[in-house]
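Text of input_37.txt (compact mmCIF, C-alpha atoms) as supplied:
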# COMPACT_ATOMS: atom_id res chain seq x y z
CA MET A 1 -62.99 -31.55 -16.64
CA ASP A 2 -62.63 -27.77 -16.16
CA PHE A 3 -65.09 -27.92 -13.29
CA GLN A 4 -62.93 -30.53 -11.51
CA LYS A 5 -59.84 -28.33 -11.86
CA TYR A 6 -61.81 -25.40 -10.50
CA LEU A 7 -62.91 -27.45 -7.49
CA LEU A 8 -59.38 -28.70 -6.83
CA LYS A 9 -58.09 -25.13 -6.84
CA SER A 10 -60.98 -23.80 -4.72
CA ILE A 11 -60.98 -26.39 -1.93
CA PRO A 12 -57.61 -25.41 -0.37
CA ALA A 13 -58.62 -21.74 -0.39
CA LEU A 14 -61.97 -22.55 1.24
CA ALA A 15 -60.29 -24.76 3.83
CA LEU A 16 -57.82 -21.99 4.68
CA LEU A 17 -60.66 -19.49 5.03
CA LEU A 18 -62.54 -21.79 7.42
CA ILE A 19 -59.41 -22.41 9.50
CA LEU A 20 -58.69 -18.69 9.78
CA GLN A 21 -62.30 -18.00 10.77
CA GLY A 22 -62.08 -20.65 13.49
CA CYS A 23 -58.84 -19.20 14.85
CA ALA A 24 -60.29 -15.69 14.88
CA SER A 25 -63.41 -16.56 16.86
CA THR A 26 -63.21 -16.18 20.64
CA GLY A 27 -65.92 -18.66 21.51
CA GLY A 28 -67.12 -16.34 24.26
CA SER A 29 -64.27 -17.31 26.58
CA GLN A 30 -62.63 -13.89 26.67
CA GLU A 31 -62.80 -12.20 30.04
CA THR A 32 -63.80 -8.57 30.30
CA ASN A 33 -61.09 -6.44 31.84
CA THR A 34 -62.57 -4.92 34.97
CA GLY A 35 -61.43 -3.94 38.42
CA LEU A 36 -57.67 -3.88 38.33
CA TYR A 37 -57.66 -2.22 34.93
CA SER A 38 -60.34 0.41 35.41
CA ALA A 39 -59.41 4.08 35.39
CA ASP A 40 -60.23 4.46 39.08
CA ASN A 41 -57.86 1.68 40.11
CA THR A 42 -54.61 2.43 38.27
CA ALA A 43 -52.52 2.11 41.44
CA ALA A 44 -53.65 -1.51 41.91
CA ALA A 45 -53.00 -2.23 38.22
CA GLY A 46 -49.48 -0.83 38.59
CA LYS A 47 -48.79 -2.99 41.66
CA LEU A 48 -50.01 -6.09 39.84
CA ALA A 49 -47.84 -5.25 36.82
CA ASP A 50 -44.82 -4.91 39.13
CA LYS A 51 -45.59 -8.31 40.67
CA VAL A 52 -45.83 -9.86 37.21
CA GLY A 53 -42.46 -8.33 36.36
CA GLU A 54 -40.82 -9.67 39.52
CA ALA A 55 -42.33 -13.18 39.35
CA GLN A 56 -40.47 -16.26 38.18
CA ILE A 57 -41.67 -18.03 35.05
CA GLY A 58 -44.45 -20.40 36.14
CA GLU A 59 -45.18 -18.47 39.33
CA VAL A 60 -48.84 -17.84 40.20
CA ILE A 61 -49.98 -14.47 41.56
CA THR A 62 -53.42 -14.22 43.17
CA ALA A 63 -55.15 -10.84 43.12
CA SER A 64 -58.60 -9.46 43.81
CA ALA A 65 -60.41 -7.13 41.41
CA ALA A 66 -62.08 -4.46 43.50
CA ALA A 67 -64.79 -3.49 41.01
CA ASP A 68 -66.49 -6.87 40.71
CA GLY A 69 -65.04 -8.71 43.73
CA SER A 70 -63.61 -11.52 41.62
CA VAL A 71 -60.37 -13.26 42.47
CA ARG A 72 -57.94 -13.97 39.65
CA GLU A 73 -54.82 -16.05 39.27
CA TYR A 74 -52.07 -14.69 37.03
CA THR A 75 -49.52 -17.26 35.84
CA VAL A 76 -46.38 -15.99 34.12
CA LEU A 77 -45.99 -18.27 31.09
CA GLU A 78 -42.98 -16.92 29.22
CA GLN A 79 -40.70 -13.94 28.73
CA TYR A 80 -39.36 -12.70 25.41
CA THR A 81 -37.97 -9.67 23.64
CA ALA A 82 -40.61 -8.02 21.47
CA ALA A 83 -39.93 -6.45 18.08
CA SER A 84 -39.93 -3.07 19.85
CA GLY A 85 -36.95 -4.22 21.90
CA ARG A 86 -38.97 -4.31 25.13
CA THR A 87 -38.95 -7.28 27.46
CA CYS A 88 -42.47 -8.73 27.56
CA ARG A 89 -44.23 -11.49 29.47
CA ASN A 90 -47.16 -13.66 28.41
CA VAL A 91 -49.52 -14.22 31.35
CA SER A 92 -52.45 -16.60 31.78
CA VAL A 93 -55.37 -15.09 33.71
CA LEU A 94 -57.91 -17.34 35.44
CA ASN A 95 -61.01 -15.81 37.05
CA LEU A 96 -61.56 -18.12 40.04
CA ASN A 97 -65.19 -17.00 40.41
CA THR A 98 -66.26 -17.85 36.86
CA GLN A 99 -63.45 -20.27 35.85
CA ARG A 100 -62.98 -18.26 32.65
CA SER A 101 -59.46 -17.89 31.39
CA SER A 102 -57.75 -15.42 29.13
CA THR A 103 -54.25 -14.18 28.42
CA ALA A 104 -52.57 -10.87 29.07
CA LEU A 105 -49.38 -9.27 27.89
CA TYR A 106 -47.12 -7.23 30.15
CA CYS A 107 -44.08 -5.31 28.91
CA LEU A 108 -41.24 -3.42 30.56
CA ASP A 109 -40.81 0.25 29.81
CA GLU A 110 -37.35 1.39 30.89
CA ASP A 111 -38.71 4.66 32.27
CA ASP A 112 -42.07 3.64 33.74
CA GLY A 113 -41.62 -0.02 34.71
CA TRP A 114 -43.97 -2.90 33.89
CA PHE A 115 -47.37 -2.23 32.31
CA ARG A 116 -50.20 -4.26 30.84
CA VAL A 117 -50.55 -3.93 27.09
CA ARG A 118 -54.09 -3.08 26.03
CA ASP A 119 -56.05 -5.90 24.46
CA ILE A 120 -56.76 -5.48 20.78
CA LEU A 121 -59.92 -7.14 19.54
CA LEU A 122 -60.40 -7.60 15.82
CA LYS A 123 -63.89 -8.12 14.49

Could you spell out this file's structure in structure tokens?
Amino acid sequence: MDFQKYLLKSIPALALLLILQGCASTGGSQETNTGLYSADNTAAAGKLADKVGEAQIGEVITASAAADGSVREYTVLEQYTAASGRTCRNVSVLNLNTQRSSTALYCLDEDDGWFRVRDILLK
């Protein structure tokens, strides 16, 4: 009887752990940031960030990444106010060469304009 109680208490915790592990895995679909975001191409990254900031929600921006020659589509998904008080935009990024998709976050700095927030990968 004690073993059954132990199992009943353990199963929800195990299920939660498995769900969290599944949500944390990337499945290999994350795109490596190259070209527009490399140190030698900051001017192009700034221009793209400005376009993302000017675009309407749902608008698609097509841009080429100089470093690898890939063409990417950036779709502005939503705009919101972050906890920092900055206006931010969620953007879907589709690499047309590989058909891999990822997301990006752009925020507005009152002094410097729009910028892409660095990706944070947890392992």

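Among A:Ala83, A:Ala67, A:Cys107, A:Ile120, the residue with the shortest atom-to-atom distance to Ala49 (chain A), counting only C-alpha atoms, is A:Cys107.
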
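You can rank A:Phe115, A:Glu110, A:Ser84, A:Gly69 by their closest distance to Leu96 (chain A) using only C-alpha atoms, and at the top of that list sits A:Gly69.
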
inquiry  = So that I can check the surroundings of Ser70 (chain A), please list as a PyMOL selection string every protein, DNA and RNA residue that reaches within 6 Å of it, counting all atoms listed in the file and ignoring chain neighbours fewer than 4 positions away.
reply    = chain A and resi 64-65+97

For Gly85 (chain A), work out the shell of residues within 10 Å, counting only C-alpha atoms and skipping chain neighbours fewer than 3 positions away, then give it as a PDB file with C-alpha atoms, keeping the file's coordinate frame.
ATOM      1  CA  TYR A  80     -39.360 -12.700  25.410  1.00  0.00           C
ATOM      2  CA  THR A  81     -37.970  -9.670  23.640  1.00  0.00           C
ATOM      3  CA  ALA A  82     -40.610  -8.020  21.470  1.00  0.00           C
ATOM      4  CA  CYS A  88     -42.470  -8.730  27.560  1.00  0.00           C
ATOM      5  CA  LEU A 108     -41.240  -3.420  30.560  1.00  0.00           C
ATOM      6  CA  ASP A 109     -40.810   0.250  29.810  1.00  0.00           C
TER       7      ASP A 109
END

note = Min atom-atom distance to Asp119 (chain A) from the set A:Thr98, A:Thr103, A:Asn90, A:Thr42, counting only C-alpha atoms, belongs to A:Thr103

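You will find CA of Asp50 (chain A) at 19.4 Å from CA of Ser102 (chain A).
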
key: Point (-47.5, -4.6, 24.8) neighbourhood (7 Å, all atoms listed in the file) written as an MDAnalysis selection string   = chainID A and resid 105:107 116:118

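Nearest residue to Val91 (chain A) among A:Val52, A:Ala43, A:Val71, A:Thr62 is A:Val52, counting only C-alpha atoms.
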